[in-house]
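Quick look at structure00.tsv (TSV, C-alpha atoms):
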chain	number	residue	atom	x	y	z
K	331	MET	CA	-87.42	-66.76	-25.03
K	332	THR	CA	-84.99	-67.17	-27.93
K	333	GLU	CA	-83.00	-64.09	-26.94
K	334	ARG	CA	-82.96	-65.26	-23.34
K	335	ILE	CA	-81.48	-68.64	-24.28
K	336	GLU	CA	-78.98	-66.98	-26.63
K	337	ARG	CA	-77.73	-64.87	-23.72
K	338	GLN	CA	-77.43	-67.88	-21.41
K	339	MET	CA	-75.50	-69.80	-24.06
K	340	ALA	CA	-73.27	-66.80	-24.81
K	341	PHE	CA	-72.37	-66.68	-21.11
K	342	LEU	CA	-71.62	-70.43	-20.98
K	343	ALA	CA	-69.43	-70.08	-24.08
K	344	GLU	CA	-67.62	-67.03	-22.67
K	345	VAL	CA	-66.73	-68.73	-19.40
K	346	ASP	CA	-64.93	-71.41	-21.42
K	347	ARG	CA	-62.00	-68.98	-21.17
K	348	LEU	CA	-61.65	-69.67	-17.43
K	349	LYS	CA	-60.01	-72.96	-18.50
K	350	ALA	CA	-57.11	-70.87	-19.82
K	351	VAL	CA	-56.55	-68.84	-16.62
K	352	LEU	CA	-53.58	-70.38	-14.82
K	353	ARG	CA	-53.12	-70.37	-11.06
K	354	ARG	CA	-49.75	-70.72	-9.38
K	355	THR	CA	-50.75	-74.01	-7.80
K	356	THR	CA	-49.87	-77.10	-9.83
K	357	LEU	CA	-51.67	-80.43	-10.13
K	358	ILE	CA	-50.68	-82.79	-7.31
K	359	ASP	CA	-48.50	-84.72	-9.77
K	360	GLY	CA	-46.61	-81.48	-10.51
K	361	SER	CA	-47.06	-81.90	-14.28
K	362	ARG	CA	-48.45	-78.42	-14.89
K	363	ARG	CA	-50.12	-75.41	-13.26
K	364	GLU	CA	-53.81	-75.87	-12.58
K	365	ASN	CA	-56.40	-73.59	-14.15
K	366	SER	CA	-59.21	-71.73	-12.44
K	367	ALA	CA	-61.99	-73.79	-14.06
K	368	GLU	CA	-60.78	-77.17	-12.80
K	369	HIS	CA	-59.94	-75.57	-9.43
K	370	SER	CA	-63.54	-74.29	-9.22
K	371	TRP	CA	-64.77	-77.83	-9.89
K	372	GLN	CA	-62.67	-79.18	-7.03
K	373	VAL	CA	-63.87	-76.47	-4.63
K	374	ALA	CA	-67.53	-77.18	-5.54
K	375	LEU	CA	-67.00	-80.91	-5.07
K	376	ALA	CA	-65.29	-80.24	-1.74
K	377	ALA	CA	-68.37	-78.30	-0.65
K	378	ALA	CA	-70.46	-81.44	-1.22
K	379	VAL	CA	-67.96	-83.81	0.41
K	380	LEU	CA	-67.13	-81.62	3.44
K	381	ALA	CA	-70.67	-80.29	3.98
K	382	GLU	CA	-70.85	-81.65	7.54
K	383	HIS	CA	-67.93	-79.37	8.55
K	384	ALA	CA	-69.64	-76.16	7.42
K	385	PRO	CA	-70.67	-73.48	9.93
K	386	PRO	CA	-74.20	-73.75	11.38
K	387	GLY	CA	-76.84	-72.26	9.10
K	388	THR	CA	-74.92	-72.84	5.84
K	389	ASP	CA	-77.11	-72.93	2.73
K	390	LEU	CA	-75.20	-75.75	1.04
K	391	PRO	CA	-76.58	-75.51	-2.53
K	392	ARG	CA	-75.75	-71.80	-2.39
K	393	ALA	CA	-72.19	-72.52	-1.24
K	394	VAL	CA	-71.79	-74.94	-4.17
K	395	ARG	CA	-73.05	-72.35	-6.67
K	396	MET	CA	-70.73	-69.79	-5.08
K	397	ALA	CA	-67.79	-72.13	-5.61
K	398	LEU	CA	-68.78	-72.50	-9.28
K	399	VAL	CA	-68.73	-68.73	-9.94
K	400	HIS	CA	-66.11	-67.51	-7.45
K	401	ASP	CA	-63.25	-67.21	-9.97
K	402	ILE	CA	-65.11	-66.25	-13.16
K	403	VAL	CA	-63.92	-62.63	-12.94
K	404	GLU	CA	-60.38	-63.90	-13.51
K	405	ILE	CA	-61.22	-64.25	-17.20
K	406	ASP	CA	-60.65	-60.50	-17.42
K	407	ALA	CA	-58.77	-59.79	-14.19
K	408	ASP	CA	-56.43	-62.83	-14.14
K	409	ASP	CA	-55.46	-64.81	-11.06
K	410	ALA	CA	-53.42	-62.90	-8.49
K	411	PHE	CA	-51.06	-65.17	-6.50
K	412	ALA	CA	-52.17	-64.95	-2.89
K	413	TYR	CA	-48.62	-64.42	-1.63
K	414	ASP	CA	-47.71	-61.72	-4.19
K	415	ALA	CA	-48.63	-58.31	-2.74
K	416	ALA	CA	-47.82	-56.41	-5.97
K	417	ALA	CA	-50.12	-58.60	-8.07
K	418	ASN	CA	-52.95	-57.82	-5.66
K	419	VAL	CA	-52.77	-54.02	-6.11
K	420	GLY	CA	-55.84	-52.78	-8.00
K	421	LYS	CA	-57.27	-56.29	-7.95
K	422	GLU	CA	-60.62	-55.22	-6.50
K	423	GLU	CA	-61.32	-52.66	-9.21
K	424	ARG	CA	-60.25	-55.01	-12.02
K	425	GLU	CA	-62.52	-57.70	-10.66
K	426	GLU	CA	-65.48	-55.33	-10.29
K	427	ARG	CA	-65.25	-54.38	-13.96
K	428	ALA	CA	-64.89	-58.03	-14.94
K	429	ALA	CA	-67.97	-59.03	-12.95
K	430	GLU	CA	-69.95	-56.25	-14.61
K	431	ARG	CA	-69.01	-57.41	-18.10
K	432	ILE	CA	-69.11	-61.20	-17.72
K	433	PHE	CA	-72.20	-61.68	-15.54
K	434	GLY	CA	-73.75	-58.92	-17.69
K	435	LEU	CA	-73.85	-61.33	-20.64
K	436	LEU	CA	-76.75	-63.10	-18.91
K	437	PRO	CA	-80.39	-61.98	-18.89
K	438	ALA	CA	-80.61	-59.08	-16.41
K	439	GLU	CA	-82.15	-60.83	-13.41
K	440	GLN	CA	-79.77	-63.78	-13.76
K	441	ALA	CA	-76.82	-61.43	-14.09
K	442	ALA	CA	-77.90	-59.85	-10.79
K	443	GLU	CA	-78.32	-63.28	-9.18
K	444	LEU	CA	-74.87	-64.59	-10.12
K	445	ARG	CA	-73.29	-61.24	-9.36
K	446	ALA	CA	-74.87	-61.40	-5.90
K	447	LEU	CA	-73.37	-64.86	-5.35
K	448	TRP	CA	-69.93	-63.51	-6.23
K	449	ASP	CA	-70.36	-60.40	-4.06
K	450	GLU	CA	-71.42	-62.63	-1.16
K	451	PHE	CA	-68.33	-64.80	-1.64
K	452	GLU	CA	-66.06	-61.74	-1.72
K	453	ALA	CA	-67.64	-60.25	1.41
K	454	GLY	CA	-67.29	-63.60	3.21
K	455	GLU	CA	-69.85	-62.80	5.85
K	456	THR	CA	-72.66	-65.35	5.51
K	457	PRO	CA	-72.12	-68.95	6.64
K	458	ALA	CA	-72.24	-70.17	3.00
K	459	ALA	CA	-69.65	-67.60	1.91
K	460	ARG	CA	-67.37	-68.37	4.85
K	461	PHE	CA	-67.59	-72.04	4.02
K	462	ALA	CA	-66.82	-71.45	0.32
K	463	VAL	CA	-63.89	-69.16	1.18
K	464	ALA	CA	-62.54	-71.81	3.58
K	465	LEU	CA	-62.70	-74.48	0.87
K	466	ASP	CA	-60.92	-72.16	-1.55
K	467	ARG	CA	-58.06	-72.08	0.99
K	468	ILE	CA	-58.15	-75.78	1.87
K	469	LEU	CA	-57.71	-76.99	-1.72
K	470	PRO	CA	-54.28	-75.37	-2.33
K	471	LEU	CA	-53.22	-76.67	1.10
K	472	LEU	CA	-54.24	-80.19	0.09
K	473	VAL	CA	-52.66	-79.91	-3.35
K	474	ASN	CA	-49.38	-78.43	-2.10
K	475	PHE	CA	-49.17	-80.91	0.77
K	476	HIS	CA	-49.75	-83.95	-1.44
K	477	GLY	CA	-47.56	-82.48	-4.17
K	478	GLY	CA	-44.39	-82.43	-2.07
K	479	GLY	CA	-44.60	-78.74	-1.15
K	480	GLY	CA	-45.59	-77.32	-4.55
K	481	THR	CA	-45.75	-73.52	-4.68
K	482	TRP	CA	-44.87	-73.19	-0.98
K	483	LYS	CA	-41.46	-74.68	-1.60
K	484	LEU	CA	-41.02	-73.01	-5.00
K	485	HIS	CA	-41.67	-69.52	-3.62
K	486	GLY	CA	-40.17	-70.01	-0.15
K	487	ILE	CA	-43.44	-69.33	1.65
K	488	THR	CA	-43.18	-69.10	5.43
K	489	ARG	CA	-45.33	-70.65	8.12
K	490	ALA	CA	-46.50	-67.17	9.20
K	491	GLN	CA	-47.74	-66.44	5.65
K	492	ILE	CA	-49.63	-69.74	5.50
K	493	ASP	CA	-51.10	-69.27	8.97
K	494	ARG	CA	-52.53	-65.90	7.89
K	495	ARG	CA	-53.82	-67.32	4.59
K	496	MET	CA	-55.51	-70.29	6.29
K	497	ALA	CA	-56.98	-68.33	9.22
K	498	PRO	CA	-60.49	-68.01	7.63
K	499	ILE	CA	-60.84	-71.81	7.78
K	500	ARG	CA	-61.18	-71.62	11.56
K	501	GLU	CA	-64.67	-70.10	11.28
K	502	GLY	CA	-65.48	-71.13	7.70
K	503	ALA	CA	-65.00	-74.88	8.12
K	504	PRO	CA	-64.63	-75.36	11.87
K	505	GLY	CA	-64.83	-79.13	11.63
K	506	VAL	CA	-61.55	-79.42	9.73
K	507	TRP	CA	-59.58	-76.74	11.58
K	508	THR	CA	-57.63	-79.26	13.66
K	509	TRP	CA	-56.77	-81.22	10.51
K	510	VAL	CA	-55.57	-78.00	8.84
K	511	GLN	CA	-53.29	-77.10	11.75
K	512	ARG	CA	-51.89	-80.60	11.87
K	513	THR	CA	-51.25	-80.56	8.13
K	514	ILE	CA	-49.41	-77.23	8.28
K	515	GLU	CA	-47.27	-78.54	11.14
K	516	GLU	CA	-46.49	-81.69	9.15
K	517	ALA	CA	-45.64	-79.54	6.09
K	518	CYS	CA	-43.06	-77.71	8.23
K	519	GLU	CA	-41.68	-81.01	9.54
K	520	ARG	CA	-41.20	-82.25	6.00
K	521	GLY	CA	-39.45	-79.04	4.94
K	522	TYR	CA	-42.22	-77.94	2.54
K	523	VAL	CA	-42.67	-74.69	4.47
K	524	ARG	CA	-40.05	-72.46	6.10
K	525	ARG	CA	-40.65	-72.07	9.84
K	526	GLU	CA	-39.20	-68.58	9.29
R	351	MET	CA	-63.58	-88.00	13.38
R	352	THR	CA	-59.91	-87.78	12.43
R	353	GLU	CA	-60.06	-90.93	10.30
R	354	ARG	CA	-63.26	-89.66	8.68
R	355	ILE	CA	-61.65	-86.36	7.67
R	356	GLU	CA	-58.54	-88.19	6.45
R	357	ARG	CA	-60.72	-90.28	4.13
R	358	GLN	CA	-62.57	-87.23	2.81
R	359	MET	CA	-59.29	-85.45	2.14
R	360	ALA	CA	-57.78	-88.55	0.51
R	361	PHE	CA	-60.76	-88.62	-1.87
R	362	LEU	CA	-60.40	-84.90	-2.71
R	363	ALA	CA	-56.68	-85.43	-3.36
R	364	GLU	CA	-57.31	-88.52	-5.52
R	365	VAL	CA	-59.85	-86.77	-7.77
R	366	ASP	CA	-57.14	-84.21	-8.59
R	367	ARG	CA	-56.23	-86.76	-11.29
R	368	LEU	CA	-59.43	-85.97	-13.21
R	369	LYS	CA	-57.62	-82.80	-14.32
R	370	ALA	CA	-55.30	-85.02	-16.36
R	371	VAL	CA	-58.04	-87.00	-18.15
R	372	LEU	CA	-58.35	-85.54	-21.64
R	373	ARG	CA	-61.56	-85.46	-23.66
R	374	ARG	CA	-61.66	-85.22	-27.44
R	375	THR	CA	-63.38	-81.84	-27.28
R	376	THR	CA	-61.03	-78.84	-27.29
R	377	LEU	CA	-61.38	-75.45	-25.62
R	378	ILE	CA	-63.42	-73.06	-27.77
R	379	ASP	CA	-60.17	-71.29	-28.75
R	380	GLY	CA	-58.85	-74.61	-30.06
R	381	SER	CA	-55.61	-74.27	-28.07
R	382	ARG	CA	-55.79	-77.72	-26.46
R	383	ARG	CA	-58.10	-80.61	-25.56
R	384	GLU	CA	-60.26	-79.98	-22.54
R	385	ASN	CA	-60.02	-82.19	-19.47
R	386	SER	CA	-62.83	-83.89	-17.60
R	387	ALA	CA	-62.46	-81.76	-14.45
R	388	GLU	CA	-62.95	-78.41	-16.16
R	389	HIS	CA	-65.72	-79.94	-18.30
R	390	SER	CA	-67.48	-81.08	-15.10
R	391	TRP	CA	-67.26	-77.52	-13.78
R	392	GLN	CA	-68.89	-76.17	-16.94
R	393	VAL	CA	-71.68	-78.76	-16.79
R	394	ALA	CA	-72.38	-77.93	-13.13
R	395	LEU	CA	-72.42	-74.21	-13.90
R	396	ALA	CA	-74.74	-74.86	-16.85
R	397	ALA	CA	-77.12	-76.64	-14.45
R	398	ALA	CA	-77.35	-73.44	-12.41
R	399	VAL	CA	-77.68	-71.14	-15.42
R	400	LEU	CA	-80.15	-73.27	-17.41
R	401	ALA	CA	-82.19	-74.44	-14.39
R	402	GLU	CA	-85.43	-72.99	-15.77
R	403	HIS	CA	-85.21	-75.35	-18.79
R	404	ALA	CA	-85.05	-78.52	-16.66
R	405	PRO	CA	-87.86	-81.09	-16.73
R	406	PRO	CA	-90.66	-80.64	-14.16
R	407	GLY	CA	-89.77	-82.08	-10.77
R	408	THR	CA	-85.99	-81.66	-11.14
R	409	ASP	CA	-84.09	-81.58	-7.84
R	410	LEU	CA	-81.63	-78.88	-8.92
R	411	PRO	CA	-78.99	-79.15	-6.17
R	412	ARG	CA	-78.94	-82.89	-6.86
R	413	ALA	CA	-78.43	-82.28	-10.60
R	414	VAL	CA	-75.51	-79.96	-9.78
R	415	ARG	CA	-73.89	-82.58	-7.51
R	416	MET	CA	-74.44	-85.18	-10.23
R	417	ALA	CA	-72.63	-82.96	-12.72
R	418	LEU	CA	-69.72	-82.65	-10.29
R	419	VAL	CA	-69.24	-86.43	-9.94
R	420	HIS	CA	-70.44	-87.70	-13.34
R	421	ASP	CA	-66.96	-88.19	-14.86
R	422	ILE	CA	-64.90	-89.14	-11.80
R	423	VAL	CA	-64.75	-92.81	-12.87
R	424	GLU	CA	-62.68	-91.71	-15.88
R	425	ILE	CA	-59.68	-91.41	-13.56
R	426	ASP	CA	-59.39	-95.19	-13.88
R	427	ALA	CA	-61.55	-95.89	-16.94
R	428	ASP	CA	-60.49	-92.94	-19.16
R	429	ASP	CA	-62.79	-90.94	-21.38
R	430	ALA	CA	-64.34	-92.83	-24.29
R	431	PHE	CA	-65.03	-90.62	-27.31
R	432	ALA	CA	-68.80	-90.70	-27.84
R	433	TYR	CA	-68.44	-91.34	-31.58
R	434	ASP	CA	-65.86	-94.14	-31.23
R	435	ALA	CA	-67.71	-97.48	-30.92
R	436	ALA	CA	-64.53	-99.49	-30.24
R	437	ALA	CA	-63.50	-97.27	-27.32
R	438	ASN	CA	-66.91	-97.85	-25.76
R	439	VAL	CA	-66.59	-101.66	-25.63
R	440	GLY	CA	-66.24	-102.83	-22.01
R	441	LYS	CA	-66.73	-99.26	-20.83
R	442	GLU	CA	-69.49	-100.15	-18.38
R	443	GLU	CA	-67.44	-102.77	-16.54
R	444	ARG	CA	-64.34	-100.53	-16.38
R	445	GLU	CA	-66.43	-97.71	-14.97
R	446	GLU	CA	-68.11	-99.95	-12.39
R	447	ARG	CA	-64.72	-101.01	-11.03
R	448	ALA	CA	-63.54	-97.40	-11.03
R	449	ALA	CA	-66.61	-96.23	-9.09
R	450	GLU	CA	-66.04	-98.97	-6.53
R	451	ARG	CA	-62.43	-97.93	-5.93
R	452	ILE	CA	-62.67	-94.14	-6.11
R	453	PHE	CA	-65.93	-93.47	-4.24
R	454	GLY	CA	-64.76	-96.23	-1.85
R	455	LEU	CA	-62.03	-93.90	-0.59
R	456	LEU	CA	-64.74	-91.96	1.26
R	457	PRO	CA	-66.35	-92.92	4.59
R	458	ALA	CA	-68.80	-95.75	3.81
R	459	GLU	CA	-72.09	-93.84	3.88
R	460	GLN	CA	-70.65	-91.01	1.79
R	461	ALA	CA	-69.21	-93.50	-0.67
R	462	ALA	CA	-72.71	-94.94	-1.06
R	463	GLU	CA	-74.21	-91.47	-1.44
R	464	LEU	CA	-71.85	-90.32	-4.21
R	465	ARG	CA	-71.99	-93.72	-5.89
R	466	ALA	CA	-75.80	-93.40	-5.90
R	467	LEU	CA	-75.51	-89.99	-7.59
R	468	TRP	CA	-73.32	-91.50	-10.30
R	469	ASP	CA	-75.60	-94.53	-10.74
R	470	GLU	CA	-78.57	-92.19	-11.08
R	471	PHE	CA	-76.76	-90.16	-13.73
R	472	GLU	CA	-75.83	-93.31	-15.65
R	473	ALA	CA	-79.41	-94.66	-15.52
R	474	GLY	CA	-80.75	-91.29	-16.69
R	475	GLU	CA	-84.27	-91.91	-15.47
R	476	THR	CA	-85.03	-89.26	-12.84
R	477	PRO	CA	-85.69	-85.65	-13.91
R	478	ALA	CA	-82.39	-84.51	-12.29
R	479	ALA	CA	-80.42	-87.22	-14.12
R	480	ARG	CA	-82.08	-86.46	-17.43
R	481	PHE	CA	-81.26	-82.81	-16.98
R	482	ALA	CA	-77.62	-83.52	-16.09
R	483	VAL	CA	-77.26	-85.90	-19.06
R	484	ALA	CA	-78.74	-83.26	-21.37
R	485	LEU	CA	-76.25	-80.65	-20.14
R	486	ASP	CA	-73.40	-83.11	-20.67
R	487	ARG	CA	-74.50	-83.23	-24.33
R	488	ILE	CA	-75.19	-79.50	-24.73
R	489	LEU	CA	-71.70	-78.43	-23.63
R	490	PRO	CA	-69.76	-80.20	-26.43
R	491	LEU	CA	-72.36	-78.85	-28.87
R	492	LEU	CA	-71.74	-75.31	-27.63
R	493	VAL	CA	-67.97	-75.75	-27.58
R	494	ASN	CA	-67.77	-77.32	-31.06
R	495	PHE	CA	-70.16	-74.78	-32.51
R	496	HIS	CA	-68.29	-71.78	-31.13
R	497	GLY	CA	-64.96	-73.41	-31.93
R	498	GLY	CA	-65.54	-73.54	-35.69
R	499	GLY	CA	-66.58	-77.20	-35.80
R	500	GLY	CA	-63.99	-78.67	-33.41
R	501	THR	CA	-64.10	-82.46	-33.11
R	502	TRP	CA	-67.10	-82.73	-35.49
R	503	LYS	CA	-65.01	-81.41	-38.33
R	504	LEU	CA	-61.84	-83.17	-37.24
R	505	HIS	CA	-63.50	-86.59	-37.14
R	506	GLY	CA	-65.98	-86.06	-40.01
R	507	ILE	CA	-69.01	-86.56	-37.77
R	508	THR	CA	-72.36	-86.70	-39.61
R	509	ARG	CA	-75.62	-85.01	-38.84
R	510	ALA	CA	-77.24	-88.40	-38.14
R	511	GLN	CA	-74.58	-89.16	-35.50
R	512	ILE	CA	-75.10	-85.81	-33.83
R	513	ASP	CA	-78.88	-86.12	-33.93
R	514	ARG	CA	-78.64	-89.46	-32.10
R	515	ARG	CA	-76.15	-88.07	-29.57
R	516	MET	CA	-78.28	-84.98	-28.85
R	517	ALA	CA	-81.64	-86.81	-28.69
R	518	PRO	CA	-81.70	-87.03	-24.84
R	519	ILE	CA	-81.82	-83.22	-24.68
R	520	ARG	CA	-85.40	-83.29	-25.96
R	521	GLU	CA	-86.68	-84.68	-22.64
R	522	GLY	CA	-83.75	-83.71	-20.44
R	523	ALA	CA	-83.77	-79.98	-21.13
R	524	PRO	CA	-87.00	-79.42	-23.08
R	525	GLY	CA	-86.71	-75.64	-22.89
R	526	VAL	CA	-83.60	-75.53	-25.06
R	527	TRP	CA	-84.55	-78.24	-27.57
R	528	THR	CA	-85.49	-75.74	-30.29
R	529	TRP	CA	-82.20	-73.91	-29.77
R	530	VAL	CA	-80.31	-77.22	-30.06
R	531	GLN	CA	-82.01	-78.13	-33.34
R	532	ARG	CA	-81.39	-74.68	-34.75
R	533	THR	CA	-77.74	-74.84	-33.74
R	534	ILE	CA	-77.24	-78.25	-35.38
R	535	GLU	CA	-78.85	-76.94	-38.56
R	536	GLU	CA	-76.59	-73.90	-38.51
R	537	ALA	CA	-73.55	-76.16	-37.93
R	538	CYS	CA	-74.49	-78.03	-41.13
R	539	GLU	CA	-74.93	-74.76	-43.01
R	540	ARG	CA	-71.47	-73.64	-41.97
R	541	GLY	CA	-69.92	-76.94	-43.03
R	542	TYR	CA	-68.96	-77.99	-39.47
R	543	VAL	CA	-71.02	-81.17	-39.80
R	544	ARG	CA	-71.48	-83.48	-42.80
R	545	ARG	CA	-75.13	-83.73	-43.82
R	546	GLU	CA	-74.20	-87.31	-44.76
Can you turn what I pasted into structure tokens?
Amino acid sequence: MTERIERQMAFLAEVDRLKAVLRRTTLIDGSRRENSAEHSWQVALAAAVLAEHAPPGTDLPRAVRMALVHDIVEIDADDAFAYDAAANVGKEEREERAAERIFGLLPAEQAAELRALWDEFEAGETPAARFAVALDRILPLLVNFHGGGGTWKLHGITRAQIDRRMAPIREGAPGVWTWVQRTIEEACERGYVRRE
Amino acid sequence: MTERIERQMAFLAEVDRLKAVLRRTTLIDGSRRENSAEHSWQVALAAAVLAEHAPPGTDLPRAVRMALVHDIVEIDADDAFAYDAAANVGKEEREERAAERIFGLLPAEQAAELRALWDEFEAGETPAARFAVALDRILPLLVNFHGGGGTWKLHGITRAQIDRRMAPIREGAPGVWTWVQRTIEEACERGYVRRE
């Protein structure tokens, strides 16, 4: 039992490093870039708050746990900006190796369990995974919209790029799809996003 | 439905401010103080990883949701350092007002639901609340221990103070109580904590 607890604690100490992985998105107040740990918190909380908009058959506690682990691989693989094609080359392989090492700190059957959660998120095929993926897209939308355009404005992102990026929300969180479309339209109106 | 979604999104945007609430505890690497949002993520993840050490009868998904909301009131009330008696004066009233305002951004029945989660955490009487409270104590222990003493060393915290602070773990996460005691003892050995 002692070794088991030591491994669980070693994992919880190791993931502390996710607090130092910076995303492109900033806080809404624009004061700094957000990190992947606090982003994961907001996605997990969003899963609880927006539960009623999840696809039929969603295992909600599973979606919440998925949100909690979905970015842990970035400790080794770093965050790749969604709109930067070059940064996304080789991403899959880097993340696979990271998952192997980091989840591997846990006792074997727990390593397999958390790894399976992450694999499910990446595959995005179950209702819970689709929901979690949708939330992971909604949060930057919310943050950029309330933050006066944020990274959209900074990097000159176009409406077509955002439409592609947000497309999984249609099936992953059907209940908020209309809100998402309206928000993107409003972001264009306000000049946060280039129409092209 | 539109107004309902607007309220849910307004809440998720408002809680972005928890990322700017600083705790005394630093990251394990000592580079900066941690914030309450990323701390909440780590507590929620710990609930998933340490689930087997929870008290009998723990509703685990509820404990995870509790971890996600347990510090939200700090957006208005700020974080009070556990070992600073003065900072804790009037804390309860400040937090009550904060809960009223922040959870109140949500649709009424969801506001009541999240408020109930927070009240349950604060009361610390159900198995899920005891577990969540215990995790909220274990994390700073882990972070300070792996960080070479962290805030214990910085503020000259004594073993008696830590023993009092960690006491709820005994019933809240019985499976790790021996590990906690051993870790505190080792922290004294290493000079991270004053024996008195």
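Near Glu422 (chain K), within a cut-off of 12 Å and counting only C-alpha atoms, sit the residues Val403, Glu404, Ala407, Asp408, Asp409, Ala410, Ala417, Asn418, Val419, Gly420, Arg424, Glu425, Glu426, Arg427, Ala428, Ala429, Asp449, Glu452 and Ala453 of chain K, with same-chain residues fewer than 2 positions away left out.
CA of Pro457 (chain K) sits 28.1 Å away from CA of His476 (chain K).
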*From the list R:Ala435, R:Leu464, R:Ala479, R:Ile534, which residue is nearest chain K when using all atoms listed in the file?*
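The answer is R:Leu464, which sits nearest to chain K.
Note that CA of Ala397 (chain K) and CA of Ala394 (chain R) are 10.5 Å apart.
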*Once you count only C-alpha atoms, which residues of chain K turn out to be within 9 Å of chain R? Could you give them as a ChimeraX atom specification?*
/K:332,335-336,338-339,341-350,357-359,364-372,374-376,378-380,390-392,394-395,398-399,436,440,444,469,472-473,476,505-506,508-509
*Could you please determine the separation between CA of Leu471 (chain K) and CA of Arg500 (chain K) in Å, to one decimal place?*
14.1 Å
*For region 374-376 of chain R: contacts at 7 Å, all atoms listed in the file, fewer than 5 positions along chain excluded, given as a PyMOL selection string*: chain R and resi 382-384+431+490+500-501
*asked:* Please list as a ChimeraX atom specification every residue within 8 Å of Thr508 (chain R), counting all atoms listed in the file and excluding residues in the same chain fewer than 2 positions away.
replied: /R:502,506,510-512,543-546
Selected residues, C-alpha atoms, written as a PDB file, keeping the file's coordinate frame, please.
ATOM      1  CA  TRP R 502     -67.100 -82.730 -35.490  1.00  0.00           C
ATOM      2  CA  GLY R 506     -65.980 -86.060 -40.010  1.00  0.00           C
ATOM      3  CA  ALA R 510     -77.240 -88.400 -38.140  1.00  0.00           C
ATOM      4  CA  GLN R 511     -74.580 -89.160 -35.500  1.00  0.00           C
ATOM      5  CA  ILE R 512     -75.100 -85.810 -33.830  1.00  0.00           C
ATOM      6  CA  VAL R 543     -71.020 -81.170 -39.800  1.00  0.00           C
ATOM      7  CA  ARG R 544     -71.480 -83.480 -42.800  1.00  0.00           C
ATOM      8  CA  ARG R 545     -75.130 -83.730 -43.820  1.00  0.00           C
ATOM      9  CA  GLU R 546     -74.200 -87.310 -44.760  1.00  0.00           C
TER      10      GLU R 546
END
